[in-house]
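The structure file work.csv is reproduced below (CSV, C-alpha atoms).
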```
chain,number,residue,atom,x,y,z
A,1,MET,CA,36.9,116.6,132.1
A,2,LYS,CA,38.3,113.4,130.6
A,3,ARG,CA,40.5,115.5,128.3
A,4,GLY,CA,41.7,117.6,131.3
A,5,GLY,CA,42.9,114.4,133.1
A,6,PHE,CA,44.7,113.3,129.9
A,7,TYR,CA,46.6,116.6,129.7
A,8,LEU,CA,47.4,116.7,133.5
A,9,THR,CA,48.8,113.1,133.5
A,10,GLY,CA,50.7,113.8,130.3
A,11,PHE,CA,52.2,117.1,131.5
A,12,LEU,CA,53.2,115.6,134.9
A,13,LEU,CA,54.9,112.6,133.2
A,14,LEU,CA,56.6,115.1,130.8
A,15,MET,CA,57.8,117.2,133.8
A,16,ALA,CA,59.2,114.1,135.5
A,17,PHE,CA,61.1,113.0,132.3
A,18,ASP,CA,62.4,116.5,131.8
A,19,THR,CA,63.6,116.9,135.4
A,20,VAL,CA,65.5,113.6,135.3
A,21,GLY,CA,66.9,114.6,131.9
A,22,ALA,CA,68.1,118.0,133.1
A,23,ILE,CA,69.8,116.7,136.2
A,24,SER,CA,71.5,113.9,134.2
A,25,PHE,CA,72.6,116.5,131.6
A,26,LYS,CA,74.2,118.6,134.3
A,27,PHE,CA,76.1,115.5,135.8
A,28,ALA,CA,77.1,114.5,132.2
A,29,GLY,CA,78.5,117.9,131.5
A,30,MET,CA,80.3,118.2,134.8
A,31,HIS,CA,82.1,114.9,134.3
A,32,ALA,CA,83.2,115.8,130.8
A,33,LEU,CA,84.8,119.2,131.5
A,34,PRO,CA,86.4,121.1,129.9
A,35,VAL,CA,84.1,121.8,127.0
A,36,GLU,CA,85.9,121.3,123.7
A,37,ALA,CA,84.6,120.9,120.1
A,38,ASN,CA,86.4,117.6,119.5
A,39,ALA,CA,86.2,113.9,119.8
A,40,ALA,CA,87.9,113.8,123.2
A,41,TRP,CA,85.0,115.7,124.7
A,42,LEU,CA,82.4,113.4,123.1
A,43,LEU,CA,84.4,110.4,124.4
A,44,ARG,CA,84.5,111.8,127.9
A,45,LEU,CA,80.8,112.5,127.6
A,46,PHE,CA,79.8,109.0,126.4
A,47,GLU,CA,82.1,106.9,128.6
A,48,LYS,CA,80.2,108.0,131.7
A,49,PRO,CA,76.7,106.7,132.6
A,50,TRP,CA,75.1,110.2,133.0
A,51,VAL,CA,74.5,110.9,129.4
A,52,TYR,CA,72.5,107.7,129.1
A,53,GLY,CA,70.2,108.9,131.9
A,54,ALA,CA,69.7,112.1,129.9
A,55,VAL,CA,69.0,110.1,126.7
A,56,ALA,CA,66.4,108.0,128.6
A,57,GLY,CA,64.8,111.3,129.9
A,58,TYR,CA,64.7,112.6,126.3
A,59,ILE,CA,63.2,109.4,124.9
A,60,GLY,CA,60.5,109.3,127.6
A,61,ALA,CA,59.7,113.0,127.1
A,62,PHE,CA,59.7,112.6,123.3
A,63,PHE,CA,56.9,109.9,123.3
A,64,THR,CA,54.9,111.7,126.0
A,65,TRP,CA,55.2,114.9,124.0
A,66,MET,CA,54.3,113.4,120.6
A,67,GLY,CA,51.1,111.9,122.2
A,68,LEU,CA,50.2,115.3,123.7
A,69,LEU,CA,51.0,117.3,120.6
A,70,ARG,CA,48.4,115.5,118.6
A,71,HIS,CA,45.7,117.5,120.2
A,72,ALA,CA,47.3,120.4,122.1
A,73,PRO,CA,48.3,123.6,120.3
A,74,ILE,CA,52.1,123.8,120.3
A,75,GLY,CA,52.5,127.2,122.1
A,76,PRO,CA,50.6,126.6,125.4
A,77,ALA,CA,51.5,122.9,125.5
A,78,PHE,CA,55.2,123.9,125.2
A,79,ALA,CA,54.7,126.5,128.0
A,80,ALA,CA,53.1,124.0,130.3
A,81,SER,CA,55.8,121.5,129.7
A,82,HIS,CA,58.3,124.1,130.9
A,83,LEU,CA,57.1,124.2,134.5
A,84,GLU,CA,60.0,121.7,135.1
A,85,VAL,CA,62.1,124.9,135.7
A,86,VAL,CA,60.6,124.9,139.2
A,87,SER,CA,61.5,121.3,140.1
A,88,VAL,CA,64.9,121.7,138.4
A,89,THR,CA,65.7,125.0,140.2
A,90,LEU,CA,64.8,123.5,143.6
A,91,LEU,CA,66.7,120.3,143.0
A,92,SER,CA,69.9,122.1,141.8
A,93,VAL,CA,70.0,124.2,145.0
A,94,TRP,CA,69.8,120.9,147.0
A,95,LEU,CA,72.0,118.7,144.8
A,96,PHE,CA,74.6,121.1,143.5
A,97,HIS,CA,74.5,123.6,146.4
A,98,GLU,CA,73.9,126.4,143.9
A,99,PRO,CA,73.2,129.8,145.5
A,100,LEU,CA,69.9,131.5,144.9
A,101,THR,CA,70.7,135.2,144.4
A,102,LEU,CA,68.1,137.9,144.4
A,103,PRO,CA,68.1,138.6,140.6
A,104,HIS,CA,67.9,134.8,140.1
A,105,ALA,CA,64.9,134.5,142.3
A,106,LEU,CA,63.2,137.6,140.7
A,107,GLY,CA,63.8,136.2,137.2
A,108,ALA,CA,62.5,132.8,138.2
A,109,VAL,CA,59.3,134.4,139.7
A,110,ALA,CA,58.7,136.4,136.4
A,111,ILE,CA,59.3,133.3,134.3
A,112,VAL,CA,56.9,131.2,136.4
A,113,ALA,CA,54.3,134.0,136.3
A,114,GLY,CA,54.7,134.1,132.6
A,115,ILE,CA,54.2,130.3,132.3
A,116,VAL,CA,51.1,130.5,134.5
A,117,CYS,CA,49.7,133.3,132.2
A,118,LEU,CA,50.2,130.9,129.3
A,119,GLY,CA,48.7,128.0,131.2
A,120,LEU,CA,45.6,130.1,132.1
A,121,ASP,CA,45.3,131.2,128.5
A,122,GLU,CA,45.4,127.6,127.5
A,123,SER,CA,42.5,126.5,129.8
A,124,ARG,CA,40.4,129.5,128.5
A,125,THR,CA,41.1,128.7,124.9
A,126,ALA,CA,40.3,125.0,125.6
A,127,ALA,CA,37.0,125.9,127.3
A,128,ALA,CA,36.0,128.1,124.4
A,129,ALA,CA,36.9,125.7,121.7
A,130,PRO,CA,34.6,123.0,120.6
A,131,ALA,CA,35.8,119.5,121.5
B,1,MET,CA,78.0,136.1,129.5
B,2,PRO,CA,81.2,134.9,127.7
B,3,PRO,CA,80.8,134.5,123.8
B,4,LEU,CA,81.0,130.7,123.9
B,5,THR,CA,78.2,130.5,126.5
B,6,PHE,CA,76.1,133.0,124.6
B,7,GLY,CA,76.7,131.1,121.3
B,8,LEU,CA,75.7,127.8,122.9
B,9,TRP,CA,72.5,129.5,124.3
B,10,LEU,CA,71.6,130.8,120.9
B,11,ALA,CA,72.3,127.5,119.2
B,12,ASN,CA,70.1,125.8,121.8
B,13,VAL,CA,67.1,128.2,121.1
B,14,LEU,CA,67.4,127.9,117.3
B,15,LEU,CA,67.7,124.1,117.4
B,16,ASP,CA,64.9,123.6,119.9
B,17,THR,CA,62.5,125.9,118.0
B,18,GLY,CA,63.4,124.1,114.7
B,19,GLY,CA,62.9,120.7,116.3
B,20,GLN,CA,59.5,121.7,117.9
B,21,LEU,CA,58.2,123.1,114.6
B,22,ALA,CA,59.2,120.0,112.7
B,23,PHE,CA,57.6,117.7,115.3
B,24,LYS,CA,54.4,119.8,115.2
B,25,ALA,CA,54.4,119.5,111.4
B,26,ALA,CA,54.9,115.7,111.7
B,27,ALA,CA,52.3,115.2,114.5
B,28,SER,CA,49.5,117.4,113.1
B,29,ASP,CA,49.3,115.8,109.7
B,30,PRO,CA,45.6,114.9,109.3
B,31,ALA,CA,46.4,112.1,106.8
B,32,ALA,CA,48.6,110.2,109.3
B,33,GLY,CA,45.9,107.8,110.6
B,34,ASP,CA,46.3,105.9,113.9
B,35,GLY,CA,48.6,103.7,115.9
B,36,LEU,CA,51.5,102.0,114.1
B,37,ALA,CA,50.2,103.4,110.7
B,38,ARG,CA,50.6,106.9,112.1
B,39,TRP,CA,54.2,106.3,113.0
B,40,LEU,CA,55.0,104.7,109.7
B,41,HIS,CA,53.4,107.6,107.9
B,42,MET,CA,55.5,110.1,109.9
B,43,ALA,CA,58.7,108.0,109.4
B,44,ARG,CA,58.3,108.2,105.6
B,45,ARG,CA,58.2,112.0,105.7
B,46,PRO,CA,61.1,114.4,106.4
B,47,TRP,CA,59.6,116.3,109.3
B,48,LEU,CA,60.1,113.7,112.0
B,49,TRP,CA,63.7,113.2,110.9
B,50,LEU,CA,64.4,116.9,110.7
B,51,GLY,CA,63.1,117.3,114.3
B,52,ILE,CA,65.2,114.4,115.5
B,53,GLY,CA,68.3,115.9,113.7
B,54,CYS,CA,67.7,119.3,115.5
B,55,TYR,CA,67.3,117.4,118.8
B,56,VAL,CA,70.6,115.5,118.4
B,57,LEU,CA,72.5,118.7,117.8
B,58,GLU,CA,70.6,120.5,120.5
B,59,PHE,CA,71.5,117.6,122.9
B,60,LEU,CA,75.3,118.4,122.5
B,61,ALA,CA,74.8,122.2,122.6
B,62,TRP,CA,72.7,121.9,125.8
B,63,ILE,CA,75.2,119.7,127.6
B,64,ALA,CA,78.1,122.0,126.7
B,65,PHE,CA,75.9,125.0,127.9
B,66,LEU,CA,75.0,123.3,131.1
B,67,SER,CA,78.6,122.5,132.0
B,68,LEU,CA,79.5,126.2,131.8
B,69,LEU,CA,76.7,127.5,134.0
B,70,PRO,CA,75.0,126.5,137.2
B,71,LEU,CA,72.0,124.3,136.3
B,72,SER,CA,69.4,126.5,138.1
B,73,ARG,CA,70.6,129.5,136.0
B,74,ALA,CA,70.9,127.6,132.8
B,75,ILE,CA,67.4,126.0,133.0
B,76,LEU,CA,65.9,129.5,133.5
B,77,LEU,CA,67.8,131.0,130.6
B,78,GLY,CA,66.5,128.0,128.5
B,79,SER,CA,62.9,129.3,129.1
B,80,ILE,CA,63.4,131.7,126.2
B,81,ASN,CA,62.6,128.6,124.1
B,82,ILE,CA,58.9,129.1,125.1
B,83,VAL,CA,58.9,132.5,123.6
B,84,ALA,CA,60.7,131.5,120.4
B,85,VAL,CA,58.3,128.5,119.8
B,86,MET,CA,55.2,130.6,120.5
B,87,VAL,CA,56.2,133.3,118.2
B,88,ALA,CA,57.2,130.8,115.5
B,89,GLY,CA,53.8,128.9,116.1
B,90,ARG,CA,52.1,132.2,115.4
B,91,LEU,CA,54.1,132.9,112.2
B,92,LEU,CA,54.0,129.4,110.7
B,93,PHE,CA,50.8,127.8,112.0
B,94,GLY,CA,48.7,130.9,112.6
B,95,GLU,CA,48.2,130.1,116.3
B,96,LYS,CA,46.4,132.9,118.2
B,97,LEU,CA,48.3,135.4,120.3
B,98,THR,CA,45.8,136.5,122.9
B,99,ARG,CA,46.4,139.3,125.4
B,100,LEU,CA,47.2,136.8,128.2
B,101,ARG,CA,49.6,135.0,125.9
B,102,VAL,CA,51.4,138.2,125.1
B,103,ALA,CA,51.6,139.0,128.8
B,104,GLY,CA,53.0,135.5,129.4
B,105,ILE,CA,55.6,136.0,126.7
B,106,ALA,CA,56.6,139.4,128.1
B,107,LEU,CA,57.0,138.0,131.6
B,108,VAL,CA,59.1,135.1,130.5
B,109,THR,CA,61.3,137.4,128.4
B,110,LEU,CA,61.7,139.8,131.3
B,111,GLY,CA,62.6,136.9,133.7
B,112,VAL,CA,65.2,135.6,131.2
B,113,ALA,CA,66.7,139.1,130.8
B,114,ILE,CA,66.9,139.5,134.6
B,115,VAL,CA,68.6,136.1,135.1
B,116,GLY,CA,70.9,136.8,132.1
B,117,ALA,CA,72.0,140.2,133.4
B,118,GLY,CA,72.2,139.0,137.0
B,119,GLY,CA,75.8,137.8,136.7
```
Since I need it in another form, could you write the structure as structure tokens?
Amino acid sequence: MKRGGFYLTGFLLLMAFDTVGAISFKFAGMHALPVEANAAWLLRLFEKPWVYGAVAGYIGAFFTWMGLLRHAPIGPAFAASHLEVVSVTLLSVWLFHEPLTLPHALGAVAIVAGIVCLGLDESRTAAAAPA
Amino acid sequence: MPPLTFGLWLANVLLDTGGQLAFKAAASDPAAGDGLARWLHMARRPWLWLGIGCYVLEFLAWIAFLSLLPLSRAILLGSINIVAVMVAGRLLFGEKLTRLRVAGIALVTLGVAIVGAGG
């Protein structure tokens, strides 16, 4: 059970860092439009504060992830870390007034169901494997 | 999806998968030891740096991708990374693909296809 608590705390922390990162990424991109493969785009990107929020989210997620990866198999751990799609989808409807269309909602349900399958598989594998 | 958006999506999947595999190779080295010694051990080998290189490029590809699409749509399309990493984990590290895991991969792929086709 100690290991379960370690994973839960780690994944929640990872989800929080990933969510902050994704929202900051979106703001960074919005403030640097239009997208161009040149220095002007990079300059527009890095002169605004948003990109640094995204970097902070990345760094936090990186160290949390490296700690988790030491014991967790990469596939299921990666899947569990992707549950931030739920928090990010809800926050972008609220923050950016993005519409939730029917195909969008159906796709989201299928993706979350898939992630849940992978999470269930992980707990089964963890229960079966020797510590 | 316009070609630029699709290209950025593809670049993001490839760089993310490459980065994850490099980090797994760095983190799971049994000779690495503990604490600071573990980080020094990883810093002297290419895997950690390869992973960081992939992530720096992915960082730019992802921002460009996100500024072309609504965030809620982009984050769902990015879920294909789960499938890519899992398949690569199977091929390179011999990780098991159970029935439940295959079902999960199929559902995520289906969801990404629905969101991608849904305009």
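With CA of Val35 in chain A on one side and CA of Val56 in chain B on the other, the separation reads 17.2 Å.
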(message) One decimal, in Å: what's the spacing between CA of Leu68 in chain A and CA of Pro46 in chain B?
(response)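 Spanning CA of Leu68 in chain A to CA of Pro46 in chain B is a straight-line distance of 20.5 Å.
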(message) Based on all atoms listed in the file, which of the residues in chain B come within 7 Å of chain A? I want them as a list in words.
(response) Lys24, Ala27, Ser28, Ile63, Ala64, Leu66, Ser67, Pro70, Leu71, Ser72, Ile75, Leu76, Ile82, Val85, Met86, Gly89, Leu100, Arg101, Ala103, Gly104, Ile105, Leu107, Val108, Leu110, Gly111, Val112, Ile114, Val115 and Gly118 of chain B
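CA of Leu15 in chain B to CA of Gly94 in chain B spans 20.7 Å [interatomic distance, one decimal].
Taking all atoms listed in the file into account, Phe17 in chain A lies nearest to A:Gly60 out of the set A:Gly60, A:Gly4, A:Asn38, A:Glu47.
Remark: for Ala61 in chain B, the closest of the candidate residues B:Gly78, B:Leu21, B:Gly35, B:Thr98 is B:Gly78 (distances computed over only C-alpha atoms).
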Identify, on the basis of all atoms listed in the file, every residue whose closest approach to His41 in chain B does not exceed 12 Å; exclude the query and any residue fewer than 6 positions from it along the same chain; express the result as a short mmCIF file (atom, residue, chain, number, x, y, z; two decimals) with C-alpha atoms, keeping the file's coordinate frame.
```
data_model
loop_
_atom_site.label_atom_id
_atom_site.label_comp_id
_atom_site.auth_asym_id
_atom_site.auth_seq_id
_atom_site.Cartn_x
_atom_site.Cartn_y
_atom_site.Cartn_z
CA ALA B 26 54.90 115.70 111.70
CA ALA B 27 52.30 115.20 114.50
CA SER B 28 49.50 117.40 113.10
CA ASP B 29 49.30 115.80 109.70
CA PRO B 30 45.60 114.90 109.30
CA ALA B 31 46.40 112.10 106.80
CA ALA B 32 48.60 110.20 109.30
CA GLY B 33 45.90 107.80 110.60
CA ASP B 34 46.30 105.90 113.90
CA GLY B 35 48.60 103.70 115.90
CA TRP B 47 59.60 116.30 109.30
CA LEU B 48 60.10 113.70 112.00
#
```
(request) Quick one: everything within 10 Å of Leu57 in chain B, counting only C-alpha atoms, minus sequence neighbours fewer than 6 positions away in the same chain. Send it as a VMD selection string. (result) chain B and resid 11 to 12 15 to 16 19
(request) Could you check which of A:Leu14, A:Leu95, A:Leu8, A:Val20 is closest to Gly53 in chain A, using all atoms listed in the file? (result)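 Ranked by minimum distance to Gly53 in chain A, first place goes to A:Val20.
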To test the calculation: enclose all listed atoms of range 105-119 of chain A in a box whose edges run along x, y and z, add 5 Å on each side, then state centre and edge lengths in Å to one decimal, as AutoDock Vina command-line options.
```
--center_x 56.8 --center_y 132.8 --center_z 135.8 --size_x 26.2 --size_y 19.6 --size_z 23.0
```
(request) Compare A:Phe11, A:Thr19, A:Ala40, A:Gly5 by their minimum atom-to-atom distance to Gly57 in chain A, counting all atoms listed in the file, and give me the closest one. (result) A:Thr19
